[in-house]
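Visitor: Structure in structure tokens, see below.
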Amino acid sequence: MRVALVLMAVASLAQAGSEWADGDGGGWEVRTDAYTARIGANGYLMGLRAGGVEFVAPAGQTPGGCYLCMEGHGPLTNLRREGGNAVRGDNRWGEILYDFQPDRVVCTVTNRYDGAVAFYLILNQELTAAVANRRKYEPLPTSFQAANSVWFKDGQALEISGGNRAWGPWQEHQVWEARLAKDETRAVTLIPRAARPNELTPPEPMKFVFDVSGNGTAPPQIPLCMIGDSITWWRHGDQWRQYLLDRVPALAFVGTHTAVLGYSHAGEGGNSIDQVIARMPEIPDCPHYHLLIGTNNNNIAKIEELEARSQRAAQKIEEAVNLLLQKPSVRKVFLGSILPCATKNPLRDQTNAATNAILRQRFAEGAFPADKVVWVEYEKPVRAWPGWEPKIELHPLKEGYEFLADILAEAIRRELTPPAETPAPKPGSGVRVHNLWDPAAGETRVPVIAGWYTVSCDLVRVTGPEPKIVVRSATAQGQGAMRLPQAVAPPPEGQRVVFRFYTREEGSKAYIRDFLKLEAENCEIDRILFEKMRPDERVSIFGEGAYIDRTTPPAPGELVEP
């Protein structure tokens, strides 16, 4: 397959480092049988076309194309060709080497900045869908965490590997991002090609479905799914559920995630309201929801943005509530006012307050059904609490969560009249376990969400010194990829090995959501159970797929199913 590298203009390379331009005054166009690509005079990849589809956004309100960025961005300088089909350039943030191969473009990105650097690719707004983590995302723009993704339009596809996440809208654009640690070098591969049959209909992922009737205990439990961002779960966030359980013993927490104390929830770090809306299909059906979201939408930089941003945040929160009201079993949605926050940016706190004011007005106007949506007022009591700032910050301390638990518990008692006694499991009931391990694939069935997990397996035999089991990412690379060795203190062969681990926080700097693999070194293992950690670090009996564990006694706060 041929590769042609054509100088687009007569401009000298000295001009390649000049002020941003659209490529008409310099740069190269690259043509192969598979694609046409364009490097602008700024050193950005400003075009990548195949089958009549352009995958890269032009410059406009955004810089367009792909570029290095951290507290600013700029053109690549010292732009030069290397090895016939490669172009190299650098700037204060790092270096990019574009290797134009017959069927792909490999961007080798090196961070030379004194800290993390983002490598952004701004995608064409006309793209219609994406597939990542065996899930289809549409419409665009959308948000997800994934190392690999495929983007589609009109029967054409762009396969991208080596990333951390996709996010948007940013000035209505779709952004793809690789986040590089200091001195890290990463290979980002772009493969434009024809879409494959059934590629836009990935196999149905494992679903987290529960019997939320509450009838596995006497008296019945009150299932509650807590949805939000890192405030819902990170650091001391699981203590919130512990305090709630102390005040309302009938609560049973429902969710696909787990935190440090093992209580289920549906909070994801860094989430915007838009991201909660995007993952609404994965949020389990439940009679009762608690939604606290919005602060990540409101971190504005200019006071002029406050009115528009708070209006949009309130509108999107209302949209999220209405989507929850469509869940089959829903009875009540407890909507929490966005918390006051004591950060370096007072505009964030002001925008949160403005959003709450709009939502209170919407309640007064009857925008929410009074019998199904309950306003939980956190903001006013928190602001009236002497010295609240160091107890709440952006993520509350334990004392802050206890204060919030008092407020929410009072709302739950008022609306649901829970029994005073602690529910007791009925004979034959148990806790539903989802074994995330797929023995045929040799990896988890789903990308593993940030949180705490328990792995248990049979130790078949020890084959060498210092046996260990390594938990690692299946596809992610560089910063955010996981490689976590777990030493095996061997029990007698044939018995179970148990260990627990934390993925680290999810996001561009820590953990990239990915399918996880287990690699046994100097030992052989079998009958793997990969489950989200349960309260009190209880280990479930082994089973495949989703099943009821009727042997391990339920812990307080676990949903017991009949």
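Order determines the names: the first chain of the structure tokens is A, the second B, and so forth; residues in each chain are numbered 1 upward, and ligands are numbered 1 upward as they are shown.
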Fewer than 2 positions away in the same chain doesn't count, so skip those; otherwise give me all residues within 9 Å of region 107-109 of chain A, counting only C-alpha atoms, as a PyMOL selection string.
Guide: chain A and resi 68+94-100+105+111+119+180+184-190
Visitor: Which residues, written as a list of chain:residue names, have at least one atom at most 12 Å from region 60-63 of chain A, with only C-alpha atoms counted and residues fewer than 5 positions away on the same chain left out?
Guide: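 Answer for this query is A:Glu19, A:Trp20, A:Ala21, A:Asp22, A:Gly40, A:Asn42, A:Gly43, A:Tyr44, A:Leu45, A:Met46, A:Leu68, A:Cys69, A:Gly72, A:His73, A:Gly74, A:Pro75, A:Tyr120, A:Leu121, A:Ile122, A:Leu123, A:Asn124, A:Gln125, A:Pro169, A:Trp170, A:Gln171, A:Glu172, A:His173, A:Gln174, A:Val175.
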Visitor: Fewer than 4 positions away in the same chain doesn't count, so skip those; otherwise give me all residues within 8 Å of Pro485 (chain A), counting only C-alpha atoms, as a list in words.
Guide: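 The contact residues come out as Lys468, Ile469, Val470 and Val471 of chain A.
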Visitor: Can you list, as a list in words, every protein, DNA or RNA residue that comes within 8 Å of Asn435 (chain A) when you count only C-alpha atoms, leaving out same-chain residues fewer than 6 positions away?
Guide: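 Returned residues: Leu529, Phe530, Glu531, Gly543, Glu544, Gly545 and Ala546 of chain A.
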Visitor: Go ahead and save the picked residues with N, CA and C atoms, as a short mmCIF file (atom, residue, chain, number, x, y, z; two decimals), in the first residue's frame.
Guide:
data_model
loop_
_atom_site.label_atom_id
_atom_site.label_comp_id
_atom_site.auth_asym_id
_atom_site.auth_seq_id
_atom_site.Cartn_x
_atom_site.Cartn_y
_atom_site.Cartn_z
N LEU A 529 -13.91 -16.01 41.86
CA LEU A 529 -15.05 -15.14 42.19
C LEU A 529 -14.51 -13.73 42.33
N PHE A 530 -14.94 -12.86 41.42
CA PHE A 530 -14.52 -11.46 41.41
C PHE A 530 -15.77 -10.65 41.71
N GLU A 531 -15.89 -10.11 42.93
CA GLU A 531 -17.12 -9.44 43.36
C GLU A 531 -16.80 -8.10 43.99
N GLY A 543 -19.96 -18.93 42.83
CA GLY A 543 -21.02 -19.18 41.87
C GLY A 543 -20.67 -18.49 40.57
N GLU A 544 -21.37 -18.82 39.50
CA GLU A 544 -21.15 -18.20 38.20
C GLU A 544 -22.22 -17.16 37.92
N GLY A 545 -21.85 -16.09 37.24
CA GLY A 545 -22.82 -15.07 36.84
C GLY A 545 -23.45 -14.40 38.05
N ALA A 546 -24.77 -14.20 37.98
CA ALA A 546 -25.51 -13.60 39.09
C ALA A 546 -26.28 -14.70 39.82
#
Visitor: Excluding Thr142 (chain A) and residues on its chain fewer than 5 positions from it, collect all residues at most 12 Å away from it, counting only C-alpha atoms, and give them as a PyMOL selection string.
Guide: chain A and resi 123+125+127-132+136-137+151+165-170+172-176+272-279
Visitor: Identify, on the basis of only C-alpha atoms, every residue whose closest approach to region 518-527 of chain A does not exceed 8 Å; exclude the query and any residue fewer than 2 positions from it along the same chain; express the result as number ranges by chain.
Guide: A: 442-443, 457-472, 516, 529, 542
Visitor: Restricted to N, CA and C atoms, what would the selected residues look like written as an mmCIF file, in the first residue's frame?
Guide:
data_model
loop_
_atom_site.group_PDB
_atom_site.id
_atom_site.type_symbol
_atom_site.label_atom_id
_atom_site.label_comp_id
_atom_site.auth_asym_id
_atom_site.auth_seq_id
_atom_site.Cartn_x
_atom_site.Cartn_y
_atom_site.Cartn_z
ATOM 1 N N GLY A 442 -11.201 -14.929 30.175
ATOM 2 C CA GLY A 442 -10.011 -14.709 30.992
ATOM 3 C C GLY A 442 -9.890 -13.290 31.499
ATOM 4 N N GLU A 443 -11.039 -12.607 31.661
ATOM 5 C CA GLU A 443 -11.068 -11.251 32.182
ATOM 6 C C GLU A 443 -12.466 -10.987 32.741
ATOM 7 N N CYS A 457 -10.474 -17.464 45.122
ATOM 8 C CA CYS A 457 -10.264 -18.510 44.124
ATOM 9 C C CYS A 457 -9.650 -19.736 44.789
ATOM 10 N N ASP A 458 -9.807 -20.877 44.131
ATOM 11 C CA ASP A 458 -9.156 -22.105 44.594
ATOM 12 C C ASP A 458 -7.677 -22.049 44.242
ATOM 13 N N LEU A 459 -6.825 -22.396 45.181
ATOM 14 C CA LEU A 459 -5.408 -22.565 44.894
ATOM 15 C C LEU A 459 -5.193 -24.019 44.486
ATOM 16 N N VAL A 460 -5.041 -24.252 43.202
ATOM 17 C CA VAL A 460 -4.907 -25.620 42.701
ATOM 18 C C VAL A 460 -3.550 -26.193 43.092
ATOM 19 N N ARG A 461 -2.486 -25.412 42.804
ATOM 20 C CA ARG A 461 -1.145 -25.853 43.215
ATOM 21 C C ARG A 461 -0.190 -24.669 43.173
ATOM 22 N N VAL A 462 0.887 -24.788 43.951
ATOM 23 C CA VAL A 462 1.982 -23.827 43.925
ATOM 24 C C VAL A 462 3.077 -24.411 43.052
ATOM 25 N N THR A 463 3.555 -23.624 42.072
ATOM 26 C CA THR A 463 4.521 -24.146 41.110
ATOM 27 C C THR A 463 5.897 -23.519 41.233
ATOM 28 N N GLY A 464 6.067 -22.555 42.148
ATOM 29 C CA GLY A 464 7.352 -21.910 42.286
ATOM 30 C C GLY A 464 7.392 -21.048 43.524
ATOM 31 N N PRO A 465 8.529 -20.391 43.766
ATOM 32 C CA PRO A 465 8.664 -19.553 44.967
ATOM 33 C C PRO A 465 7.864 -18.259 44.837
ATOM 34 N N GLU A 466 7.480 -17.714 45.963
ATOM 35 C CA GLU A 466 6.789 -16.425 46.051
ATOM 36 C C GLU A 466 5.616 -16.324 45.078
ATOM 37 N N PRO A 467 4.656 -17.209 45.224
ATOM 38 C CA PRO A 467 3.503 -17.147 44.324
ATOM 39 C C PRO A 467 2.723 -15.847 44.520
ATOM 40 N N LYS A 468 2.143 -15.354 43.428
ATOM 41 C CA LYS A 468 1.347 -14.134 43.508
ATOM 42 C C LYS A 468 0.288 -14.151 42.431
ATOM 43 N N ILE A 469 -0.734 -13.306 42.646
ATOM 44 C CA ILE A 469 -1.771 -13.074 41.647
ATOM 45 C C ILE A 469 -1.722 -11.593 41.311
ATOM 46 N N VAL A 470 -1.623 -11.275 40.031
ATOM 47 C CA VAL A 470 -1.510 -9.898 39.578
ATOM 48 C C VAL A 470 -2.845 -9.469 38.968
ATOM 49 N N VAL A 471 -3.417 -8.383 39.497
ATOM 50 C CA VAL A 471 -4.597 -7.762 38.900
ATOM 51 C C VAL A 471 -4.094 -6.674 37.962
ATOM 52 N N ARG A 472 -4.489 -6.743 36.690
ATOM 53 C CA ARG A 472 -3.994 -5.731 35.752
ATOM 54 C C ARG A 472 -5.067 -5.349 34.741
ATOM 55 N N LEU A 516 -10.552 -6.102 33.626
ATOM 56 C CA LEU A 516 -9.369 -6.483 34.398
ATOM 57 C C LEU A 516 -9.064 -7.960 34.206
ATOM 58 N N LEU A 529 -13.914 -16.014 41.855
ATOM 59 C CA LEU A 529 -15.047 -15.144 42.188
ATOM 60 C C LEU A 529 -14.512 -13.728 42.332
ATOM 61 N N PHE A 542 -18.844 -19.394 46.169
ATOM 62 C CA PHE A 542 -18.566 -19.340 44.743
ATOM 63 C C PHE A 542 -19.806 -19.645 43.926
#
Visitor: What's the 12 Å shell around Leu306 (chain A), counting only C-alpha atoms, without same-chain residues fewer than 2 positions away, as a list in words?
Guide: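 Within the cut-off, the hits are Asn297, Asn298, Asn299, Ile300, Ala301, Lys302, Ile303, Glu304, Ala308, Arg309, Ser310, Gln311, Arg312, Ala313, Pro346, Leu347, Arg348, Asp349, Gln350, Thr351, Asn352, Ala353, Ala354 and Thr355 of chain A.
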Visitor: Could those selected residues go to a file with N, CA and C atoms, as a PDB file, in the first residue's frame?
Guide:
ATOM      1  N   ASN A 297     -20.614  20.579  37.499  1.00  0.00           N
ATOM      2  CA  ASN A 297     -21.059  21.416  36.380  1.00  0.00           C
ATOM      3  C   ASN A 297     -20.822  22.901  36.643  1.00  0.00           C
ATOM      4  N   ASN A 298     -20.597  23.272  37.902  1.00  0.00           N
ATOM      5  CA  ASN A 298     -20.674  24.675  38.303  1.00  0.00           C
ATOM      6  C   ASN A 298     -19.346  25.325  38.669  1.00  0.00           C
ATOM      7  N   ASN A 299     -18.254  24.698  38.300  1.00  0.00           N
ATOM      8  CA  ASN A 299     -16.935  25.247  38.651  1.00  0.00           C
ATOM      9  C   ASN A 299     -16.514  26.285  37.604  1.00  0.00           C
ATOM     10  N   ILE A 300     -17.213  27.404  37.600  1.00  0.00           N
ATOM     11  CA  ILE A 300     -17.010  28.424  36.565  1.00  0.00           C
ATOM     12  C   ILE A 300     -15.805  29.293  36.888  1.00  0.00           C
ATOM     13  N   ALA A 301     -15.318  29.995  35.863  1.00  0.00           N
ATOM     14  CA  ALA A 301     -14.145  30.862  36.036  1.00  0.00           C
ATOM     15  C   ALA A 301     -14.494  32.338  36.043  1.00  0.00           C
ATOM     16  N   LYS A 302     -15.678  32.713  35.500  1.00  0.00           N
ATOM     17  CA  LYS A 302     -16.056  34.120  35.389  1.00  0.00           C
ATOM     18  C   LYS A 302     -17.468  34.311  35.916  1.00  0.00           C
ATOM     19  N   ILE A 303     -17.689  35.401  36.617  1.00  0.00           N
ATOM     20  CA  ILE A 303     -19.007  35.690  37.183  1.00  0.00           C
ATOM     21  C   ILE A 303     -20.061  35.810  36.076  1.00  0.00           C
ATOM     22  N   GLU A 304     -19.640  36.221  34.878  1.00  0.00           N
ATOM     23  CA  GLU A 304     -20.581  36.360  33.770  1.00  0.00           C
ATOM     24  C   GLU A 304     -21.199  35.022  33.359  1.00  0.00           C
ATOM     25  N   ALA A 308     -26.124  31.582  33.225  1.00  0.00           N
ATOM     26  CA  ALA A 308     -26.343  30.540  32.216  1.00  0.00           C
ATOM     27  C   ALA A 308     -25.988  29.165  32.754  1.00  0.00           C
ATOM     28  N   ARG A 309     -24.900  29.086  33.517  1.00  0.00           N
ATOM     29  CA  ARG A 309     -24.468  27.774  34.028  1.00  0.00           C
ATOM     30  C   ARG A 309     -25.452  27.231  35.056  1.00  0.00           C
ATOM     31  N   SER A 310     -25.933  28.074  35.955  1.00  0.00           N
ATOM     32  CA  SER A 310     -26.879  27.596  36.968  1.00  0.00           C
ATOM     33  C   SER A 310     -28.213  27.219  36.324  1.00  0.00           C
ATOM     34  N   GLN A 311     -28.638  27.954  35.312  1.00  0.00           N
ATOM     35  CA  GLN A 311     -29.876  27.609  34.607  1.00  0.00           C
ATOM     36  C   GLN A 311     -29.743  26.245  33.942  1.00  0.00           C
ATOM     37  N   ARG A 312     -28.601  26.026  33.299  1.00  0.00           N
ATOM     38  CA  ARG A 312     -28.401  24.740  32.632  1.00  0.00           C
ATOM     39  C   ARG A 312     -28.315  23.601  33.645  1.00  0.00           C
ATOM     40  N   ALA A 313     -27.599  23.826  34.755  1.00  0.00           N
ATOM     41  CA  ALA A 313     -27.475  22.769  35.772  1.00  0.00           C
ATOM     42  C   ALA A 313     -28.841  22.388  36.328  1.00  0.00           C
ATOM     43  N   PRO A 346     -14.629  30.661  44.870  1.00  0.00           N
ATOM     44  CA  PRO A 346     -15.928  30.996  45.460  1.00  0.00           C
ATOM     45  C   PRO A 346     -17.055  31.030  44.430  1.00  0.00           C
ATOM     46  N   LEU A 347     -16.735  31.163  43.142  1.00  0.00           N
ATOM     47  CA  LEU A 347     -17.778  31.184  42.111  1.00  0.00           C
ATOM     48  C   LEU A 347     -18.492  29.841  42.013  1.00  0.00           C
ATOM     49  N   ARG A 348     -17.793  28.785  42.329  1.00  0.00           N
ATOM     50  CA  ARG A 348     -18.434  27.462  42.317  1.00  0.00           C
ATOM     51  C   ARG A 348     -19.542  27.410  43.362  1.00  0.00           C
ATOM     52  N   ASP A 349     -19.241  27.889  44.554  1.00  0.00           N
ATOM     53  CA  ASP A 349     -20.228  27.899  45.631  1.00  0.00           C
ATOM     54  C   ASP A 349     -21.411  28.793  45.256  1.00  0.00           C
ATOM     55  N   GLN A 350     -21.137  29.947  44.654  1.00  0.00           N
ATOM     56  CA  GLN A 350     -22.216  30.847  44.265  1.00  0.00           C
ATOM     57  C   GLN A 350     -23.098  30.241  43.179  1.00  0.00           C
ATOM     58  N   THR A 351     -22.491  29.514  42.244  1.00  0.00           N
ATOM     59  CA  THR A 351     -23.261  28.889  41.172  1.00  0.00           C
ATOM     60  C   THR A 351     -24.091  27.732  41.715  1.00  0.00           C
ATOM     61  N   ASN A 352     -23.541  26.992  42.670  1.00  0.00           N
ATOM     62  CA  ASN A 352     -24.327  25.944  43.329  1.00  0.00           C
ATOM     63  C   ASN A 352     -25.559  26.543  44.011  1.00  0.00           C
ATOM     64  N   ALA A 353     -25.363  27.648  44.725  1.00  0.00           N
ATOM     65  CA  ALA A 353     -26.475  28.303  45.415  1.00  0.00           C
ATOM     66  C   ALA A 353     -27.523  28.791  44.421  1.00  0.00           C
ATOM     67  N   ALA A 354     -27.080  29.350  43.300  1.00  0.00           N
ATOM     68  CA  ALA A 354     -28.016  29.828  42.283  1.00  0.00           C
ATOM     69  C   ALA A 354     -28.802  28.673  41.669  1.00  0.00           C
ATOM     70  N   THR A 355     -28.140  27.541  41.480  1.00  0.00           N
ATOM     71  CA  THR A 355     -28.835  26.355  40.956  1.00  0.00           C
ATOM     72  C   THR A 355     -29.914  25.887  41.935  1.00  0.00           C
TER      73      THR A 355
END
Visitor: How many Å separate CA of Leu261 (chain A) from CA of Gly428 (chain A)?
Guide: 25.8 Å
Visitor: Once DSSP has gone over the backbone, tell me which residues of region 78-304 of chain A are in helix (DSSP H, G or I), as a list in words.
Guide: Ser230, Ile231, Thr232, Gly237, Asp238, Gln239, Trp240, Arg241, Gln242, Tyr243, Leu244, Leu245, Asp246, Arg247, Ile273, Asp274, Gln275, Val276, Ile277, Ala278, Met280, Pro281, Glu282, Thr295, Asn296, Asn297, Ile303 and Glu304 of chain A
Visitor: Convert the current residue selection to file output with N, CA and C atoms, as an mmCIF file, in the first residue's frame.
Guide:
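Output file part32.cif follows:
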data_model
loop_
_atom_site.group_PDB
_atom_site.id
_atom_site.type_symbol
_atom_site.label_atom_id
_atom_site.label_comp_id
_atom_site.auth_asym_id
_atom_site.auth_seq_id
_atom_site.Cartn_x
_atom_site.Cartn_y
_atom_site.Cartn_z
ATOM 1 N N SER A 230 -18.315 12.042 43.337
ATOM 2 C CA SER A 230 -17.432 11.535 44.393
ATOM 3 C C SER A 230 -17.936 11.876 45.789
ATOM 4 N N ILE A 231 -18.755 12.910 45.940
ATOM 5 C CA ILE A 231 -19.305 13.232 47.258
ATOM 6 C C ILE A 231 -20.130 12.067 47.787
ATOM 7 N N THR A 232 -20.727 11.290 46.903
ATOM 8 C CA THR A 232 -21.559 10.157 47.318
ATOM 9 C C THR A 232 -20.742 8.993 47.863
ATOM 10 N N GLY A 237 -17.069 9.082 52.141
ATOM 11 C CA GLY A 237 -18.430 9.008 51.624
ATOM 12 C C GLY A 237 -19.220 7.806 52.081
ATOM 13 N N ASP A 238 -18.554 6.650 52.246
ATOM 14 C CA ASP A 238 -19.277 5.455 52.700
ATOM 15 C C ASP A 238 -19.727 5.599 54.146
ATOM 16 N N GLN A 239 -19.068 6.480 54.888
ATOM 17 C CA GLN A 239 -19.490 6.737 56.263
ATOM 18 C C GLN A 239 -20.899 7.331 56.286
ATOM 19 N N TRP A 240 -21.272 8.042 55.228
ATOM 20 C CA TRP A 240 -22.614 8.595 55.101
ATOM 21 C C TRP A 240 -23.656 7.487 55.222
ATOM 22 N N ARG A 241 -23.425 6.379 54.493
ATOM 23 C CA ARG A 241 -24.375 5.256 54.577
ATOM 24 C C ARG A 241 -24.345 4.597 55.952
ATOM 25 N N GLN A 242 -23.169 4.546 56.562
ATOM 26 C CA GLN A 242 -23.091 3.984 57.905
ATOM 27 C C GLN A 242 -23.912 4.814 58.890
ATOM 28 N N TYR A 243 -23.795 6.141 58.812
ATOM 29 C CA TYR A 243 -24.571 7.006 59.692
ATOM 30 C C TYR A 243 -26.069 6.881 59.407
ATOM 31 N N LEU A 244 -26.438 6.768 58.129
ATOM 32 C CA LEU A 244 -27.848 6.592 57.790
ATOM 33 C C LEU A 244 -28.392 5.297 58.374
ATOM 34 N N LEU A 245 -27.593 4.240 58.292
ATOM 35 C CA LEU A 245 -28.016 2.937 58.802
ATOM 36 C C LEU A 245 -28.180 2.980 60.317
ATOM 37 N N ASP A 246 -27.325 3.738 60.989
ATOM 38 C CA ASP A 246 -27.474 3.895 62.441
ATOM 39 C C ASP A 246 -28.810 4.543 62.785
ATOM 40 N N ARG A 247 -29.277 5.428 61.914
ATOM 41 C CA ARG A 247 -30.500 6.177 62.188
ATOM 42 C C ARG A 247 -31.753 5.502 61.624
ATOM 43 N N ILE A 273 -23.693 16.237 35.821
ATOM 44 C CA ILE A 273 -25.089 15.818 35.667
ATOM 45 C C ILE A 273 -25.253 15.085 34.348
ATOM 46 N N ASP A 274 -24.571 15.557 33.307
ATOM 47 C CA ASP A 274 -24.656 14.929 31.995
ATOM 48 C C ASP A 274 -24.185 13.475 32.046
ATOM 49 N N GLN A 275 -23.128 13.210 32.807
ATOM 50 C CA GLN A 275 -22.615 11.848 32.896
ATOM 51 C C GLN A 275 -23.581 10.934 33.651
ATOM 52 N N VAL A 276 -24.237 11.465 34.679
ATOM 53 C CA VAL A 276 -25.261 10.672 35.369
ATOM 54 C C VAL A 276 -26.391 10.330 34.408
ATOM 55 N N ILE A 277 -26.813 11.303 33.605
ATOM 56 C CA ILE A 277 -27.867 11.059 32.622
ATOM 57 C C ILE A 277 -27.418 9.999 31.617
ATOM 58 N N ALA A 278 -26.158 10.066 31.175
ATOM 59 C CA ALA A 278 -25.659 9.113 30.190
ATOM 60 C C ALA A 278 -25.635 7.689 30.734
ATOM 61 N N MET A 280 -27.688 6.477 33.017
ATOM 62 C CA MET A 280 -28.967 6.148 33.624
ATOM 63 C C MET A 280 -29.409 4.705 33.341
ATOM 64 N N PRO A 281 -29.177 4.149 32.120
ATOM 65 C CA PRO A 281 -29.587 2.760 31.894
ATOM 66 C C PRO A 281 -28.876 1.753 32.797
ATOM 67 N N GLU A 282 -27.674 2.096 33.295
ATOM 68 C CA GLU A 282 -26.934 1.165 34.162
ATOM 69 C C GLU A 282 -27.299 1.318 35.640
ATOM 70 N N THR A 295 -22.270 19.896 41.413
ATOM 71 C CA THR A 295 -21.142 20.789 41.701
ATOM 72 C C THR A 295 -20.081 20.741 40.616
ATOM 73 N N ASN A 296 -19.926 19.594 39.936
ATOM 74 C CA ASN A 296 -18.918 19.500 38.877
ATOM 75 C C ASN A 296 -19.340 20.225 37.603
ATOM 76 N N ASN A 297 -20.614 20.579 37.499
ATOM 77 C CA ASN A 297 -21.059 21.416 36.380
ATOM 78 C C ASN A 297 -20.822 22.901 36.643
ATOM 79 N N ILE A 303 -17.689 35.401 36.617
ATOM 80 C CA ILE A 303 -19.007 35.690 37.183
ATOM 81 C C ILE A 303 -20.061 35.810 36.076
ATOM 82 N N GLU A 304 -19.640 36.221 34.878
ATOM 83 C CA GLU A 304 -20.581 36.360 33.770
ATOM 84 C C GLU A 304 -21.199 35.022 33.359
#
Visitor: For Met533 (chain A), which residue among A:Val260, A:Leu251, A:Val56, A:Leu484 is the nearest when counting only C-alpha atoms?
Guide: A:Val260
Visitor: Calculate how many Å separate CA of Arg513 (chain A) from CA of Ala342 (chain A), rounding to one decimal.
Guide: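 Straight-line distance from CA of Arg513 (chain A) to CA of Ala342 (chain A) works out to 29.3 Å.
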Visitor: Calculate how many Å separate CA of Pro284 (chain A) from CA of Asp514 (chain A), rounding to one decimal.
Guide: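 Atom-to-atom, CA of Pro284 (chain A) to CA of Asp514 (chain A), that is 20.5 Å.
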